Amino acid sequence: MKTTRFYMMVLCICTVAAVSMAVAQDRQTKVFAVKKGGTLTVKVTGNITVVPWEREDVEVNIIGSEPEQMAEKLRFESNDGNITVELKENDGWCDNCDYQFHTPAMYNLSIHSIGGDVHIMGTLKGNIKAVTKGGDIKTGDCNGDVDVSTAGGDIFTGNITGNVSFHTAGGDIRTGNVGGEASISTASGDVLAGDIAKSASISTAGGNIRIGEIGGDLKTSTAGGDITIRKAGGQVSVATAGGDIKVGGGNVFVKASTAGGDVYLDNIHGSVNATSAGGDVSVRLFPEGLEESKLSSAVGKITLALPESVRATIQATVKGIMPEDFAQKIICEFATDKNIEVKDTKKNQRVFVINGGGQKINLQTFDSIIEVKKIK
């Protein structure tokens, strides 16, 4: 008898748990007929998921323990193919509500969540604007412009054909290729981006930055990490207070500075201004134009590689060394038309005129080595 009662109690508990789970997964659904190219506007609390489909309908699913009551606190509006779902004024806070929307694949989104994640799945042919004050934002590929921001999460996107604006106060940012311009910033995370077709401004106060190929101008900075750029096609300004800088090449003017790492600039067709307060500076340069190039380090080695046919006038200065060390501190592989040497008790300075002279290149370091090499 006791055994029977025990199993009855277990059955009741399981039944109550099953009913509770069913209630937790209840949903309220509304469907609106629309046309391609419209806009879905959402202003709610909770997690938001958007899934594009081939139908010309917008389906709204409210998921939670009391979806019917939640639906009563929302305003639904359909106007000329545009759908709006938003909380009524001063009403509708829901801690356990999620929202799932299906939209035509060719549709625009304007999403605002007060306290949840935003996830846009699949490929959308339209513009995306998404804001959340307490979660992550993730999108798939988008054939349009994307403008997203979060006060406390990560931003992950696929490939974007248009312009992008990504901003977070507390997470990482990762994006695929960008077909337009890019404005990207985070206060405490890494930035990883694919190729960017036009100009870009990218910054983080606490992480690394890694970018593919930049088609336009680039301004990027970090207060606490490395910066790596595969290739640059315009003017480049790169700065870090705590890491290395690597630029893989391009027809550019590159300005690179670091307070705590090395600088590596490879296959640069143009001119450079590269400085390090705490590391080495190494540049593989094909000088073009009239802009002067400058390479300097407070404590590290300067290495400059040039093509054998280069026309350049190089001034190399090593400060803080003894006269007996002058010969081994400045090394040049080129046969020079002129070799001017200035020695005093505080510095060793040499001027090399190569192949008749050309672009001015200034090299400077303190108590280290300057080496001018031929590109092999």
# chains A, B, ... in the order shown; residues from 1 in each chain; ligands from 1
call {"tool": "select_by_dssp", "arguments": {"residues": "segment 290-360 of chain A", "states": "strand (DSSP E or B)", "output": "VMD selection string"}}
result
chain A and resid 293 to 297 302 to 306 312 to 319 330 to 332 338 to 343 347 to 354 359 to 360
call {"tool": "residues_around", "arguments": {"residues": "Gln28 of chain A", "least_positions_apart": "5", "cutoff": "9 Å", "atoms": "only C-alpha atoms", "output": "PyMOL selection string"}}
result
chain A and resi 60-64+66-68+70-71
call {"tool": "write_last_selection", "arguments": {"atoms": "C-alpha atoms", "output": "mmCIF file, in the first residue's frame"}}
result
data_model
loop_
_atom_site.group_PDB
_atom_site.id
_atom_site.type_symbol
_atom_site.label_atom_id
_atom_site.label_comp_id
_atom_site.auth_asym_id
_atom_site.auth_seq_id
_atom_site.Cartn_x
_atom_site.Cartn_y
_atom_site.Cartn_z
ATOM 1 C CA VAL A 60 4.755 36.882 -34.555
ATOM 2 C CA ASN A 61 5.247 34.266 -31.812
ATOM 3 C CA ILE A 62 5.151 35.294 -28.154
ATOM 4 C CA ILE A 63 6.657 32.510 -26.051
ATOM 5 C CA GLY A 64 6.440 32.339 -22.265
ATOM 6 C CA GLU A 66 1.567 33.669 -19.971
ATOM 7 C CA PRO A 67 1.763 34.610 -23.660
ATOM 8 C CA GLU A 68 -1.929 35.604 -23.929
ATOM 9 C CA MET A 70 1.653 39.387 -22.615
ATOM 10 C CA ALA A 71 0.001 39.860 -26.000
#
call {"tool": "closest_atom_pairs", "arguments": {"of": "segment 229-299 of chain A", "to": "segment 220-225 of chain A", "cutoff": "6 Å", "atoms": "only C-alpha atoms", "output": "CSV"}}
result
residue,atom,partner,partner_atom,distance
A:Val238,CA,A:Thr220,CA,5.1
A:Ala239,CA,A:Ser221,CA,4.7
A:Thr240,CA,A:Thr222,CA,4.8
A:Ala241,CA,A:Ala223,CA,4.8
A:Gly242,CA,A:Gly224,CA,4.7
A:Gly243,CA,A:Gly225,CA,4.7
call {"tool": "closest_residue", "arguments": {"among": "A:Ile214, A:Val342, A:Ile361, A:Ile209", "to": "Ala274 of chain A", "atoms": "only C-alpha atoms"}}
result
A:Ile361
call {"tool": "residues_around", "arguments": {"residues": "Pro307 of chain A", "least_positions_apart": "2", "cutoff": "10 Å", "atoms": "only C-alpha atoms", "output": "PyMOL selection string"}}
result
chain A and resi 284-287+305+309-311+373-376
call {"tool": "residues_around", "arguments": {"residues": "Asn47 of chain A", "least_positions_apart": "4", "cutoff": "10 Å", "atoms": "only C-alpha atoms", "output": "PyMOL selection string"}}
result
chain A and resi 63+95-100+113-119+132+134-136
call {"tool": "write_last_selection", "arguments": {"atoms": "C-alpha atoms", "output": "PDB file, in the first residue's frame"}}
result
ATOM      1  CA  ILE A  63       6.657  32.510 -26.051  1.00  0.00           C
ATOM      2  CA  ASP A  95      11.186  38.492 -17.370  1.00  0.00           C
ATOM      3  CA  ASN A  96      10.560  35.160 -19.105  1.00  0.00           C
ATOM      4  CA  CYS A  97       9.205  36.129 -22.515  1.00  0.00           C
ATOM      5  CA  ASP A  98      10.841  35.380 -25.830  1.00  0.00           C
ATOM      6  CA  TYR A  99       9.756  36.567 -29.249  1.00  0.00           C
ATOM      7  CA  GLN A 100      10.162  34.758 -32.540  1.00  0.00           C
ATOM      8  CA  SER A 113      15.180  44.874 -26.828  1.00  0.00           C
ATOM      9  CA  ILE A 114      15.447  46.253 -23.312  1.00  0.00           C
ATOM     10  CA  GLY A 115      16.786  43.085 -21.720  1.00  0.00           C
ATOM     11  CA  GLY A 116      17.717  40.227 -24.015  1.00  0.00           C
ATOM     12  CA  ASP A 117      19.617  38.803 -26.962  1.00  0.00           C
ATOM     13  CA  VAL A 118      18.852  39.519 -30.615  1.00  0.00           C
ATOM     14  CA  HIS A 119      19.415  36.678 -33.093  1.00  0.00           C
ATOM     15  CA  THR A 132      19.778  45.806 -26.909  1.00  0.00           C
ATOM     16  CA  GLY A 134      21.513  43.631 -22.003  1.00  0.00           C
ATOM     17  CA  GLY A 135      22.564  40.917 -24.421  1.00  0.00           C
ATOM     18  CA  ASP A 136      24.322  39.655 -27.527  1.00  0.00           C
TER      19      ASP A 136
END
call {"tool": "closest_residue", "arguments": {"among": "A:Asn163, A:Gly357, A:Thr139, A:Val50", "to": "Leu290 of chain A", "atoms": "only C-alpha atoms"}}
result
A:Gly357
call {"tool": "atom_distance", "arguments": {"atom1": "atom CA of Ser296 of chain A", "atom2": "atom CA of Asn273 of chain A"}}
result
8.3 Å
call {"tool": "select_by_dssp", "arguments": {"residues": "segment 151-343 of chain A", "states": "helix (DSSP H, G or I)", "output": "list in words"}}
result
Pro323, Glu324, Asp325, Phe326, Ala327, Gln328 and Lys329 of chain A
call {"tool": "atom_distance", "arguments": {"atom1": "atom CA of Gln359 of chain A", "atom2": "atom CA of Lys198 of chain A"}}
result
28.5 Å
call {"tool": "residues_around", "arguments": {"residues": "Ser282 of chain A", "least_positions_apart": "2", "cutoff": "9 Å", "atoms": "only C-alpha atoms", "output": "list in words"}}
result
Asp262, Val263, Tyr264, Leu265, Asp266, Ala274, Asp280, Arg284, Leu295, Lys301, Ile302, Thr303, Leu304 and Ala305 of chain A
